[in-house]
$ cat start.cif   # mmCIF, C-alpha atoms and all ligand atoms
data_start
loop_
_atom_site.group_PDB
_atom_site.id
_atom_site.type_symbol
_atom_site.label_atom_id
_atom_site.label_comp_id
_atom_site.auth_asym_id
_atom_site.auth_seq_id
_atom_site.Cartn_x
_atom_site.Cartn_y
_atom_site.Cartn_z
ATOM 1 C CA MET F 1 3.463 17.973 -24.834
ATOM 2 C CA ARG F 2 -0.275 18.590 -25.047
ATOM 3 C CA SER F 3 -2.054 18.912 -28.325
ATOM 4 C CA SER F 4 -4.872 21.118 -27.141
ATOM 5 C CA ARG F 5 -4.248 24.432 -25.480
ATOM 6 C CA PHE F 6 -7.561 25.584 -24.302
ATOM 7 C CA PHE F 7 -7.490 28.690 -22.169
ATOM 8 C CA GLY F 8 -10.640 29.305 -20.202
ATOM 9 C CA SER F 9 -11.887 32.732 -19.343
ATOM 10 C CA GLY F 10 -9.425 32.912 -16.442
ATOM 11 C CA GLY F 11 -6.369 32.235 -18.600
ATOM 12 C CA VAL F 12 -5.711 28.832 -17.044
ATOM 13 C CA SER F 13 -4.475 26.294 -19.597
ATOM 14 C CA CYS F 14 -5.109 22.550 -19.839
ATOM 15 C CA ASP F 15 -1.479 22.069 -18.804
ATOM 16 C CA ASP F 16 -2.052 24.024 -15.598
ATOM 17 C CA VAL F 17 -5.159 21.990 -14.891
ATOM 18 C CA ALA F 18 -3.371 18.732 -15.674
ATOM 19 C CA ASP F 19 -1.000 19.463 -12.800
ATOM 20 C CA ALA F 20 -3.926 19.984 -10.441
ATOM 21 C CA LEU F 21 -6.091 17.017 -11.441
ATOM 22 C CA PRO F 22 -4.203 14.256 -9.557
ATOM 23 C CA GLY F 23 -4.649 16.277 -6.370
ATOM 24 C CA ILE F 24 -8.304 17.115 -6.688
ATOM 25 C CA VAL F 25 -9.539 13.765 -8.005
ATOM 26 C CA ASP F 26 -10.297 12.342 -4.553
ATOM 27 C CA GLY F 27 -11.813 15.556 -3.264
ATOM 28 C CA LEU F 28 -9.164 15.971 -0.567
ATOM 29 C CA GLU F 29 -7.784 19.085 -2.206
ATOM 30 C CA VAL F 30 -10.016 21.876 -3.359
ATOM 31 C CA ALA F 31 -9.278 23.223 -6.814
ATOM 32 C CA ASP F 32 -8.621 26.925 -7.331
ATOM 33 C CA LEU F 33 -11.629 28.788 -8.621
ATOM 34 C CA GLU F 34 -9.884 29.329 -11.958
ATOM 35 C CA VAL F 35 -9.195 25.620 -12.274
ATOM 36 C CA GLN F 36 -12.800 24.816 -11.416
ATOM 37 C CA ARG F 37 -14.021 27.247 -14.066
ATOM 38 C CA HIS F 38 -11.675 25.785 -16.649
ATOM 39 C CA VAL F 39 -12.732 22.189 -15.991
ATOM 40 C CA ALA F 40 -16.395 23.183 -16.105
ATOM 41 C CA ALA F 41 -15.844 24.529 -19.612
ATOM 42 C CA CYS F 42 -13.241 22.105 -21.001
ATOM 43 C CA LEU F 43 -14.298 18.684 -22.266
ATOM 44 C CA ARG F 44 -10.709 17.512 -22.497
ATOM 45 C CA CYS F 45 -9.974 18.142 -18.837
ATOM 46 C CA GLN F 46 -13.323 16.658 -17.838
ATOM 47 C CA ALA F 47 -12.412 13.499 -19.752
ATOM 48 C CA GLU F 48 -9.038 13.386 -18.027
ATOM 49 C CA LEU F 49 -10.669 13.764 -14.628
ATOM 50 C CA VAL F 50 -12.978 10.844 -15.430
ATOM 51 C CA GLN F 51 -9.925 8.700 -16.236
ATOM 52 C CA TYR F 52 -8.329 9.641 -12.933
ATOM 53 C CA ARG F 53 -11.486 8.584 -11.147
ATOM 54 C CA LYS F 54 -11.370 5.193 -12.881
ATOM 55 C CA VAL F 55 -7.760 4.712 -11.831
ATOM 56 C CA LEU F 56 -8.569 5.604 -8.232
ATOM 57 C CA ARG F 57 -11.612 3.349 -8.121
ATOM 58 C CA THR F 58 -9.585 0.441 -9.437
ATOM 59 C CA LEU F 59 -6.774 1.078 -6.958
ATOM 60 C CA HIS F 60 -9.324 1.055 -4.180
ATOM 61 C CA GLN F 61 -10.669 -2.293 -5.376
ATOM 62 C CA LEU F 62 -7.185 -3.820 -5.108
ATOM 63 C CA ARG F 63 -7.610 -3.604 -1.348
ATOM 64 C CA THR F 64 -9.866 -6.668 -1.462
ATOM 65 C CA GLU F 65 -7.270 -8.731 -3.329
ATOM 66 C CA VAL F 66 -5.180 -10.796 -0.980
ATOM 67 C CA LEU F 67 -2.185 -12.804 -2.109
ATOM 68 C CA GLU F 68 -1.716 -16.160 -0.473
ATOM 69 C CA PRO F 69 1.772 -16.263 1.031
ATOM 70 C CA ALA F 70 3.810 -19.438 0.633
ATOM 71 C CA PRO F 71 2.971 -21.949 3.403
ATOM 72 C CA GLY F 72 6.359 -21.445 5.073
ATOM 73 C CA LEU F 73 5.768 -17.810 5.955
ATOM 74 C CA LEU F 74 3.614 -18.282 9.053
ATOM 75 C CA PRO F 75 5.923 -20.837 10.728
ATOM 76 C CA ASP F 76 8.890 -18.581 9.962
ATOM 77 C CA ILE F 77 7.187 -15.556 11.517
ATOM 78 C CA LEU F 78 6.130 -17.512 14.584
ATOM 79 C CA ALA F 79 9.605 -19.000 14.977
ATOM 80 C CA ALA F 80 11.174 -15.530 14.785
ATOM 81 C CA ILE F 81 8.709 -14.172 17.328
ATOM 82 C CA GLY F 82 9.219 -17.196 19.560
ATOM 83 C CA ALA F 83 12.979 -16.637 19.510
ATOM 84 C CA ALA F 84 12.517 -12.930 20.259
ATOM 85 C CA GLY F 85 10.182 -13.825 23.126
ATOM 86 C CA GLU F 86 12.744 -16.202 24.566
ATOM 87 C CA ARG F 87 15.470 -13.578 24.324
ATOM 88 C CA ARG F 88 13.249 -11.104 26.098
ATOM 89 C CA ALA F 89 12.333 -13.613 28.797
ATOM 90 C CA ILE F 90 15.990 -14.316 29.486
ATOM 91 C CA HIS F 91 16.777 -10.596 29.475
ATOM 92 C CA ASP F 92 13.921 -9.967 31.902
ATOM 93 C CA LEU F 93 15.001 -12.820 34.165
ATOM 94 C CA LEU F 94 18.556 -11.501 34.309
ATOM 95 C CA ASN F 95 17.165 -8.106 35.237
ATOM 96 C CA GLY F 96 14.943 -9.530 37.940
ATOM 97 C CA ARG F 97 11.693 -8.783 36.140
ATOM 98 C CA ARG F 98 8.680 -11.011 36.109
ATOM 99 C CA VAL F 99 8.631 -13.041 32.910
ATOM 100 C CA ALA F 100 5.428 -12.589 30.977
ATOM 101 C CA TYR F 101 6.074 -14.792 27.975
ATOM 102 C CA VAL F 102 6.656 -18.235 29.392
ATOM 103 C CA GLY F 103 6.887 -21.136 27.015
ATOM 104 C CA GLY F 104 7.393 -21.209 23.293
ATOM 105 C CA ILE F 105 4.948 -19.423 21.049
ATOM 106 C CA ALA F 106 4.389 -22.652 19.128
ATOM 107 C CA ALA F 107 2.904 -24.352 22.184
ATOM 108 C CA ALA F 108 0.594 -21.407 22.689
ATOM 109 C CA THR F 109 -0.601 -21.742 19.111
ATOM 110 C CA ALA F 110 -1.863 -25.237 19.724
ATOM 111 C CA ALA F 111 -3.568 -24.410 22.982
ATOM 112 C CA GLY F 112 -4.837 -20.878 23.307
ATOM 113 C CA ALA F 113 -5.563 -19.642 19.834
ATOM 114 C CA ALA F 114 -7.517 -22.476 18.269
ATOM 115 C CA GLY F 115 -10.741 -20.502 18.001
ATOM 116 C CA ALA F 116 -9.166 -17.487 16.344
ATOM 117 C CA ILE F 117 -7.248 -19.666 13.912
ATOM 118 C CA LEU F 118 -10.424 -21.415 12.858
ATOM 119 C CA ALA F 119 -12.029 -18.027 12.297
ATOM 120 C CA SER F 120 -9.220 -16.885 10.050
ATOM 121 C CA ARG F 121 -9.238 -20.127 8.075
ATOM 122 C CA ALA F 122 -12.914 -19.602 7.357
ATOM 123 C CA ARG F 123 -12.085 -16.170 6.005
ATOM 124 C CA ARG F 124 -9.471 -17.617 3.696
ATOM 125 C CA ARG F 125 -11.952 -20.017 2.165
ATOM 126 C CA VAL F 126 -14.274 -17.131 1.438
ATOM 127 C CA ARG F 127 -11.493 -15.281 -0.309
ATOM 128 C CA LEU F 128 -10.517 -18.260 -2.402
ATOM 129 C CA ALA F 129 -14.095 -18.754 -3.477
ATOM 130 C CA SER F 130 -14.615 -15.137 -4.509
ATOM 131 C CA MET G 1 -10.009 -10.651 9.439
ATOM 132 C CA VAL G 2 -11.157 -11.469 12.948
ATOM 133 C CA ILE G 3 -14.182 -9.409 13.884
ATOM 134 C CA PRO G 4 -13.356 -6.174 15.750
ATOM 135 C CA SER G 5 -14.551 -7.253 19.196
ATOM 136 C CA ASP G 6 -12.498 -10.458 18.977
ATOM 137 C CA GLU G 7 -9.587 -8.389 17.752
ATOM 138 C CA ALA G 8 -9.836 -6.012 20.711
ATOM 139 C CA ARG G 9 -9.854 -8.989 23.066
ATOM 140 C CA LEU G 10 -6.830 -10.545 21.343
ATOM 141 C CA VAL G 11 -4.946 -7.233 21.367
ATOM 142 C CA ALA G 12 -5.645 -6.754 25.081
ATOM 143 C CA ALA G 13 -4.456 -10.296 25.798
ATOM 144 C CA ALA G 14 -1.351 -9.859 23.626
ATOM 145 C CA LYS G 15 -0.512 -6.609 25.430
ATOM 146 C CA ALA G 16 -0.810 -8.476 28.724
ATOM 147 C CA GLY G 17 1.778 -10.959 27.467
ATOM 148 C CA ASP G 18 -0.404 -13.734 26.054
ATOM 149 C CA SER G 19 1.706 -15.129 23.246
ATOM 150 C CA GLY G 20 -1.180 -17.265 21.984
ATOM 151 C CA ALA G 21 -3.221 -14.124 21.418
ATOM 152 C CA PHE G 22 -0.396 -12.522 19.481
ATOM 153 C CA THR G 23 -0.105 -15.682 17.398
ATOM 154 C CA ALA G 24 -3.806 -15.469 16.611
ATOM 155 C CA LEU G 25 -3.355 -11.860 15.481
ATOM 156 C CA VAL G 26 -0.502 -12.913 13.213
ATOM 157 C CA GLU G 27 -2.615 -15.729 11.812
ATOM 158 C CA SER G 28 -5.495 -13.448 11.013
ATOM 159 C CA THR G 29 -3.471 -10.658 9.393
ATOM 160 C CA GLN G 30 -0.484 -12.352 7.768
ATOM 161 C CA ALA G 31 -1.999 -12.664 4.280
ATOM 162 C CA ASP G 32 -2.925 -8.953 4.279
ATOM 163 C CA VAL G 33 0.463 -7.902 5.604
ATOM 164 C CA TYR G 34 2.257 -10.120 3.107
ATOM 165 C CA THR G 35 0.129 -8.699 0.273
ATOM 166 C CA LEU G 36 1.007 -5.143 1.247
ATOM 167 C CA ALA G 37 4.683 -6.084 1.595
ATOM 168 C CA TYR G 38 4.559 -7.641 -1.863
ATOM 169 C CA ARG G 39 2.894 -4.587 -3.375
ATOM 170 C CA LEU G 40 5.536 -2.345 -1.822
ATOM 171 C CA THR G 41 8.626 -4.400 -2.612
ATOM 172 C CA GLY G 42 7.516 -6.063 -5.832
ATOM 173 C CA ASN G 43 9.020 -9.483 -5.123
ATOM 174 C CA GLU G 44 8.323 -12.504 -2.927
ATOM 175 C CA ASP G 45 11.648 -12.729 -1.119
ATOM 176 C CA ASP G 46 11.603 -9.123 0.021
ATOM 177 C CA ALA G 47 7.922 -9.381 0.869
ATOM 178 C CA ARG G 48 8.603 -12.345 3.160
ATOM 179 C CA ASP G 49 11.494 -10.573 4.862
ATOM 180 C CA VAL G 50 9.456 -7.421 5.305
ATOM 181 C CA ALA G 51 6.431 -9.294 6.699
ATOM 182 C CA GLN G 52 8.610 -11.191 9.171
ATOM 183 C CA GLU G 53 10.421 -8.057 10.295
ATOM 184 C CA ALA G 54 7.122 -6.195 10.635
ATOM 185 C CA TYR G 55 5.684 -8.832 12.976
ATOM 186 C CA LEU G 56 8.873 -8.904 15.012
ATOM 187 C CA ARG G 57 8.642 -5.146 15.491
ATOM 188 C CA ALA G 58 4.960 -5.421 16.317
ATOM 189 C CA PHE G 59 5.685 -8.125 18.881
ATOM 190 C CA ARG G 60 8.319 -5.953 20.511
ATOM 191 C CA SER G 61 6.117 -2.881 20.626
ATOM 192 C CA ILE G 62 2.599 -4.281 21.081
ATOM 193 C CA LYS G 63 2.400 -2.560 24.475
ATOM 194 C CA ARG G 64 2.668 0.785 22.705
ATOM 195 C CA PHE G 65 -0.252 -0.018 20.376
ATOM 196 C CA ARG G 66 -2.986 2.284 21.634
ATOM 197 C CA GLY G 67 -5.885 0.419 20.133
ATOM 198 C CA ASP G 68 -7.472 3.522 18.586
ATOM 199 C CA ALA G 69 -6.884 2.010 15.141
ATOM 200 C CA ARG G 70 -7.445 -1.502 13.858
ATOM 201 C CA PHE G 71 -4.564 -3.880 14.523
ATOM 202 C CA SER G 72 -4.328 -4.392 10.756
ATOM 203 C CA THR G 73 -3.913 -0.630 10.165
ATOM 204 C CA TRP G 74 -1.168 -0.534 12.761
ATOM 205 C CA MET G 75 0.482 -3.474 10.984
ATOM 206 C CA TYR G 76 0.231 -1.669 7.630
ATOM 207 C CA ARG G 77 2.146 1.264 9.074
ATOM 208 C CA ILE G 78 4.866 -0.967 10.485
ATOM 209 C CA THR G 79 5.010 -2.893 7.205
ATOM 210 C CA ALA G 80 5.375 0.352 5.249
ATOM 211 C CA ASN G 81 8.216 1.384 7.512
ATOM 212 C CA CYS G 82 9.987 -1.975 7.170
ATOM 213 C CA ALA G 83 9.525 -1.958 3.395
ATOM 214 C CA SER G 84 10.949 1.537 3.204
ATOM 215 C CA THR G 85 14.010 0.415 5.153
ATOM 216 C CA GLN G 86 14.357 -2.638 2.941
ATOM 217 C CA LEU G 87 14.112 -0.639 -0.282
ATOM 218 C CA THR G 88 16.667 1.883 0.961
ATOM 219 C CA ARG G 89 19.013 -0.960 1.854
ATOM 220 C CA ARG G 90 18.522 -2.564 -1.561
ATOM 221 C CA SER G 91 19.030 0.682 -3.406
ATOM 222 C CA LYS G 92 22.518 1.115 -1.950
ATOM 223 C CA GLY G 93 24.715 0.497 -4.945
ATOM 224 C CA ARG G 94 21.736 0.315 -7.249
ATOM 225 C CA HIS G 95 20.839 3.859 -8.131
ATOM 226 C CA ASP G 96 17.651 2.986 -9.980
ATOM 227 C CA GLU G 97 15.451 1.622 -7.200
ATOM 228 C CA LEU G 98 14.704 4.798 -5.347
ATOM 229 C CA SER G 99 14.907 7.202 -8.241
ATOM 230 C CA ASP G 100 11.618 8.345 -9.630
ATOM 231 C CA ASP G 101 12.812 8.774 -13.190
ATOM 232 C CA ASP G 102 10.398 7.938 -15.920
ATOM 233 C CA ASN G 103 10.053 4.265 -16.504
ATOM 234 C CA VAL G 104 10.032 2.911 -19.991
ATOM 235 C CA PHE G 105 6.699 1.264 -20.600
ATOM 236 C CA ASP G 106 7.174 -1.213 -23.399
ATOM 237 C CA GLU G 107 3.564 -2.300 -23.403
ATOM 238 C CA ARG G 108 1.561 -0.470 -26.029
ATOM 239 C CA PRO G 109 -1.618 1.091 -24.735
ATOM 240 C CA GLU G 110 -4.786 -0.750 -25.575
ATOM 241 C CA SER G 111 -6.262 0.415 -28.822
ATOM 242 C CA ASP G 112 -9.603 0.880 -27.131
ATOM 243 C CA PRO G 113 -9.024 1.348 -23.407
ATOM 244 C CA GLU G 114 -12.626 2.366 -22.877
ATOM 245 C CA GLY G 115 -13.925 -0.869 -24.376
ATOM 246 C CA MET G 116 -11.303 -3.000 -22.656
ATOM 247 C CA ALA G 117 -11.981 -1.469 -19.274
ATOM 248 C CA GLU G 118 -13.951 -4.397 -17.962
ATOM 249 C CA ALA G 119 -13.315 -4.329 -14.216
ATOM 250 C CA GLY G 120 -11.150 -7.440 -13.855
ATOM 251 C CA LEU G 121 -8.993 -6.603 -16.813
ATOM 252 C CA LEU G 122 -8.524 -3.048 -15.637
ATOM 253 C CA ARG G 123 -7.469 -4.373 -12.227
ATOM 254 C CA ASP G 124 -4.832 -6.525 -13.869
ATOM 255 C CA ARG G 125 -3.556 -3.605 -15.877
ATOM 256 C CA VAL G 126 -3.442 -1.379 -12.804
ATOM 257 C CA THR G 127 -1.545 -4.069 -10.917
ATOM 258 C CA GLU G 128 0.935 -4.293 -13.779
ATOM 259 C CA ALA G 129 1.300 -0.527 -14.009
ATOM 260 C CA LEU G 130 1.807 -0.306 -10.239
ATOM 261 C CA ALA G 131 4.560 -2.896 -10.382
ATOM 262 C CA ASP G 132 6.353 -0.843 -13.044
ATOM 263 C CA LEU G 133 6.258 2.379 -11.035
ATOM 264 C CA PRO G 134 9.479 3.469 -9.346
ATOM 265 C CA ALA G 135 9.399 2.043 -5.802
ATOM 266 C CA ILE G 136 9.208 5.418 -4.146
ATOM 267 C CA LEU G 137 6.125 6.471 -6.100
ATOM 268 C CA ARG G 138 4.534 3.049 -5.776
ATOM 269 C CA ALA G 139 4.846 3.091 -1.981
ATOM 270 C CA VAL G 140 2.943 6.354 -1.618
ATOM 271 C CA VAL G 141 0.121 5.506 -4.023
ATOM 272 C CA VAL G 142 -0.319 1.985 -2.618
ATOM 273 C CA LEU G 143 -0.482 3.237 0.959
ATOM 274 C CA ARG G 144 -2.812 6.120 0.151
ATOM 275 C CA ASP G 145 -5.075 4.871 -2.636
ATOM 276 C CA VAL G 146 -5.160 1.143 -1.938
ATOM 277 C CA TYR G 147 -4.744 0.997 1.845
ATOM 278 C CA ASP G 148 -6.254 4.371 2.682
ATOM 279 C CA LEU G 149 -3.567 5.478 5.124
ATOM 280 C CA PRO G 150 -3.588 9.220 5.887
ATOM 281 C CA HIS G 151 -0.849 11.451 4.451
ATOM 282 C CA ASP G 152 0.774 12.086 7.827
ATOM 283 C CA ALA G 153 1.046 8.358 8.555
ATOM 284 C CA ILE G 154 2.518 7.688 5.115
ATOM 285 C CA ALA G 155 5.028 10.504 5.454
ATOM 286 C CA SER G 156 6.056 9.401 8.910
ATOM 287 C CA GLU G 157 6.534 5.716 7.980
ATOM 288 C CA LEU G 158 8.421 6.498 4.783
ATOM 289 C CA GLY G 159 10.561 9.115 6.491
ATOM 290 C CA ILE G 160 9.563 11.970 4.179
ATOM 291 C CA THR G 161 7.661 15.213 4.654
ATOM 292 C CA GLU G 162 3.917 15.349 4.129
ATOM 293 C CA SER G 163 4.329 17.677 1.181
ATOM 294 C CA ALA G 164 6.849 15.297 -0.398
ATOM 295 C CA ALA G 165 4.354 12.490 0.110
ATOM 296 C CA LYS G 166 1.701 14.534 -1.685
ATOM 297 C CA VAL G 167 3.977 15.436 -4.580
ATOM 298 C CA ARG G 168 4.850 11.767 -5.034
ATOM 299 C CA LEU G 169 1.243 10.713 -4.782
ATOM 300 C CA HIS G 170 0.280 13.127 -7.534
ATOM 301 C CA ARG G 171 3.170 11.994 -9.727
ATOM 302 C CA ALA G 172 2.232 8.360 -9.184
ATOM 303 C CA ARG G 173 -1.423 8.942 -9.990
ATOM 304 C CA ARG G 174 -0.466 10.864 -13.094
ATOM 305 C CA LYS G 175 1.862 8.130 -14.329
ATOM 306 C CA LEU G 176 -0.812 5.501 -13.773
ATOM 307 C CA ARG G 177 -3.422 7.586 -15.548
ATOM 308 C CA GLU G 178 -1.061 8.313 -18.473
ATOM 309 C CA ARG G 179 -0.268 4.659 -18.867
ATOM 310 C CA LEU G 180 -3.780 3.297 -18.495
ATOM 311 C CA PHE G 181 -5.702 6.042 -20.239
ATOM 312 C CA PRO G 182 -3.329 8.036 -22.424
ATOM 313 C CA MET G 183 -4.916 11.281 -23.564
ATOM 314 C CA PRO G 184 -4.522 12.404 -27.181
ATOM 315 C CA GLY G 185 -0.961 13.623 -27.613
ATOM 316 C CA GLU G 186 0.491 11.641 -24.719
ATOM 317 C CA GLU G 187 1.177 8.467 -26.699
ATOM 318 C CA LYS G 188 3.298 10.450 -29.116
ATOM 319 C CA ALA G 189 5.051 12.222 -26.281
ATOM 320 C CA ARG G 190 5.948 8.901 -24.669
ATOM 321 C CA ALA G 191 7.188 7.316 -27.871
ATOM 322 C CA VAL G 192 9.860 10.035 -28.291
HETATM 323 ZN ZN ZN Q 201 -8.684 21.810 -20.359
#

$ encode --input "start.cif" --output "structure tokens" --more "lines below"
Ligand SMILES: [Zn+2]
Amino acid sequence: MRSSRFFGSGGVSCDDVADALPGIVDGLEVADLEVQRHVAACLRCQAELVQYRKVLRTLHQLRTEVLEPAPGLLPDILAAIGAAGERRAIHDLLNGRRVAYVGGIAAATAAGAAGAILASRARRRVRLAS
Amino acid sequence: MVIPSDEARLVAAAKAGDSGAFTALVESTQADVYTLAYRLTGNEDDARDVAQEAYLRAFRSIKRFRGDARFSTWMYRITANCASTQLTRRSKGRHDELSDDDNVFDERPESDPEGMAEAGLLRDRVTEALADLPAILRAVVVLRDVYDLPHDAIASELGITESAAKVRLHRARRKLRERLFPMPGEEKARAV
């Protein structure tokens, strides 16, 4: 599989190190001493480790990318939650419990949450601009 | 993202039964949740279903949200769990979805990956490579390396052991690295 078969002083091969690299690239796992020694002496494995770091950095950057869902998603979610809230209210009423969620969730959207919705719209504009 | 103090206020109100507050939380997180759902499932229809199901579950269990994590992080965990369920459901009768066999990459590696590695382009290539990963490997690497969830959370939401999560994470990272930056000898190995 691998063209080079460099064995460091400890007898660890590039293949052995290749198995360890994906685990040690983010520093969460500590490499065996033999692996550390090998990487310190092997340009090939050092190069591979650098590539892993590039992959990880790029993956991390994806976190800031946000896809814009189709406009229908939010109303669908709110409708589903509204229906679930109604079912719970009826269930609670039948069981003699105080009903917390009175009224449809859509009505609450218009009244209570205007400030928060404005805040999140502002965020979206920033994202589109970036 | 609403700022943390606003979020804490909205979460407290939602836990007390204020549906408007829950709506505001949905509004402020839905694009993030949808994006994660899309990255996990790889298609819009499943991503929509997963996002909707995730918010329904969150609505039903908001009282159990302890508030020691961000609401968005809590949503990511629920989304991961819903996506896992969805992928398992889809894979019934389709043996390929949850297998982690080698994928065939038909795209030839760039002749000069180093030179082409301008940040935006590399991001596009990583996105493409992620989409081509087997779903089970993609889920672990997306949750860990993109969304920064801890191993125990990932394992618990995907219904696997922590050590299985680690093995899959390493396999996923290796496949991405091999595809994006093939080392000498690997291109030949893949062409066979
Ligand atoms: Zn080496």

$ resolve_selection --input "start.cif" --expression "the PyMOL selection byres (((not hetatm)) within 7 of (chain Q and resi 201))" --output "number ranges by chain"
F: 6, 13-14, 17, 38-39, 42-45

$ write_last_selection --input "start.cif" --atoms "C-alpha atoms" --output "mmCIF file, keeping the file's coordinate frame"
data_model
loop_
_atom_site.group_PDB
_atom_site.id
_atom_site.type_symbol
_atom_site.label_atom_id
_atom_site.label_comp_id
_atom_site.auth_asym_id
_atom_site.auth_seq_id
_atom_site.Cartn_x
_atom_site.Cartn_y
_atom_site.Cartn_z
ATOM 1 C CA PHE F 6 -7.561 25.584 -24.302
ATOM 2 C CA SER F 13 -4.475 26.294 -19.597
ATOM 3 C CA CYS F 14 -5.109 22.550 -19.839
ATOM 4 C CA VAL F 17 -5.159 21.990 -14.891
ATOM 5 C CA HIS F 38 -11.675 25.785 -16.649
ATOM 6 C CA VAL F 39 -12.732 22.189 -15.991
ATOM 7 C CA CYS F 42 -13.241 22.105 -21.001
ATOM 8 C CA LEU F 43 -14.298 18.684 -22.266
ATOM 9 C CA ARG F 44 -10.709 17.512 -22.497
ATOM 10 C CA CYS F 45 -9.974 18.142 -18.837
#

$ closest_atom_pairs --input "start.cif" --of "chain G" --to "chain F" --cutoff "8 Å" --atoms "only C-alpha atoms" --output "tab-separated table"
residue	atom	partner	partner_atom	distance
G:Met1	CA	F:Ser120	CA	6.3
G:Val2	CA	F:Ser120	CA	6.4
G:Ala16	CA	F:Ala100	CA	7.8
G:Gly17	CA	F:Ala100	CA	5.3
G:Asp18	CA	F:Tyr101	CA	6.8
G:Ser19	CA	F:Ile105	CA	5.8
G:Gly20	CA	F:Ala108	CA	4.6
G:Ala21	CA	F:Ala113	CA	6.2
G:Thr23	CA	F:Thr109	CA	6.3
G:Ala24	CA	F:Ala113	CA	5.6
G:Val26	CA	F:Leu74	CA	7.9
G:Glu27	CA	F:Ile117	CA	6.4
G:Ser28	CA	F:Ser120	CA	5.2
G:Gln30	CA	F:Leu74	CA	7.3
G:Ala31	CA	F:Glu68	CA	5.9
G:Asp32	CA	F:Val66	CA	6.0
G:Tyr34	CA	F:Pro69	CA	6.5
G:Thr35	CA	F:Leu67	CA	5.3
G:Arg48	CA	F:Leu73	CA	6.8
G:Ala51	CA	F:Ile77	CA	7.9
G:Gln52	CA	F:Ile77	CA	5.2
G:Tyr55	CA	F:Ile77	CA	7.0
G:Leu56	CA	F:Ile81	CA	5.8
G:Phe59	CA	F:Ile81	CA	6.9
G:Ala119	CA	F:Thr58	CA	7.7
G:Leu122	CA	F:Thr58	CA	7.2
G:Arg123	CA	F:Thr58	CA	6.0
G:Val126	CA	F:Leu59	CA	7.2
G:Val142	CA	F:Leu59	CA	7.8
G:Asp145	CA	F:His60	CA	5.9
G:Val146	CA	F:His60	CA	4.7
G:Tyr147	CA	F:Arg63	CA	6.3
G:His170	CA	F:Pro22	CA	5.0
G:Arg171	CA	F:Pro22	CA	7.7
G:Arg173	CA	F:Pro22	CA	6.0
G:Arg174	CA	F:Pro22	CA	6.2
G:Leu176	CA	F:Val55	CA	7.3
G:Arg177	CA	F:Tyr52	CA	5.9
G:Leu180	CA	F:Val55	CA	7.9
G:Phe181	CA	F:Gln51	CA	6.4
G:Met183	CA	F:Glu48	CA	7.2
G:Pro184	CA	F:Ser3	CA	7.1
G:Gly185	CA	F:Ser3	CA	5.4
G:Glu186	CA	F:Met1	CA	7.0
G:Ala189	CA	F:Met1	CA	6.1

$ write_last_selection --input "start.cif" --atoms "C-alpha atoms" --output "tab-separated table (two decimals), keeping the file's coordinate frame"
chain	number	residue	atom	x	y	z
G	1	MET	CA	-10.01	-10.65	9.44
G	2	VAL	CA	-11.16	-11.47	12.95
G	16	ALA	CA	-0.81	-8.48	28.72
G	17	GLY	CA	1.78	-10.96	27.47
G	18	ASP	CA	-0.40	-13.73	26.05
G	19	SER	CA	1.71	-15.13	23.25
G	20	GLY	CA	-1.18	-17.26	21.98
G	21	ALA	CA	-3.22	-14.12	21.42
G	23	THR	CA	-0.10	-15.68	17.40
G	24	ALA	CA	-3.81	-15.47	16.61
G	26	VAL	CA	-0.50	-12.91	13.21
G	27	GLU	CA	-2.62	-15.73	11.81
G	28	SER	CA	-5.50	-13.45	11.01
G	30	GLN	CA	-0.48	-12.35	7.77
G	31	ALA	CA	-2.00	-12.66	4.28
G	32	ASP	CA	-2.92	-8.95	4.28
G	34	TYR	CA	2.26	-10.12	3.11
G	35	THR	CA	0.13	-8.70	0.27
G	48	ARG	CA	8.60	-12.34	3.16
G	51	ALA	CA	6.43	-9.29	6.70
G	52	GLN	CA	8.61	-11.19	9.17
G	55	TYR	CA	5.68	-8.83	12.98
G	56	LEU	CA	8.87	-8.90	15.01
G	59	PHE	CA	5.68	-8.12	18.88
G	119	ALA	CA	-13.32	-4.33	-14.22
G	122	LEU	CA	-8.52	-3.05	-15.64
G	123	ARG	CA	-7.47	-4.37	-12.23
G	126	VAL	CA	-3.44	-1.38	-12.80
G	142	VAL	CA	-0.32	1.98	-2.62
G	145	ASP	CA	-5.08	4.87	-2.64
G	146	VAL	CA	-5.16	1.14	-1.94
G	147	TYR	CA	-4.74	1.00	1.84
G	170	HIS	CA	0.28	13.13	-7.53
G	171	ARG	CA	3.17	11.99	-9.73
G	173	ARG	CA	-1.42	8.94	-9.99
G	174	ARG	CA	-0.47	10.86	-13.09
G	176	LEU	CA	-0.81	5.50	-13.77
G	177	ARG	CA	-3.42	7.59	-15.55
G	180	LEU	CA	-3.78	3.30	-18.50
G	181	PHE	CA	-5.70	6.04	-20.24
G	183	MET	CA	-4.92	11.28	-23.56
G	184	PRO	CA	-4.52	12.40	-27.18
G	185	GLY	CA	-0.96	13.62	-27.61
G	186	GLU	CA	0.49	11.64	-24.72
G	189	ALA	CA	5.05	12.22	-26.28

$ residues_near_point --input "start.cif" --point "(3.5, 0.0, 5.3)" --cutoff "10 Å" --atoms "all atoms listed in the file" --output "count of residues only"
30
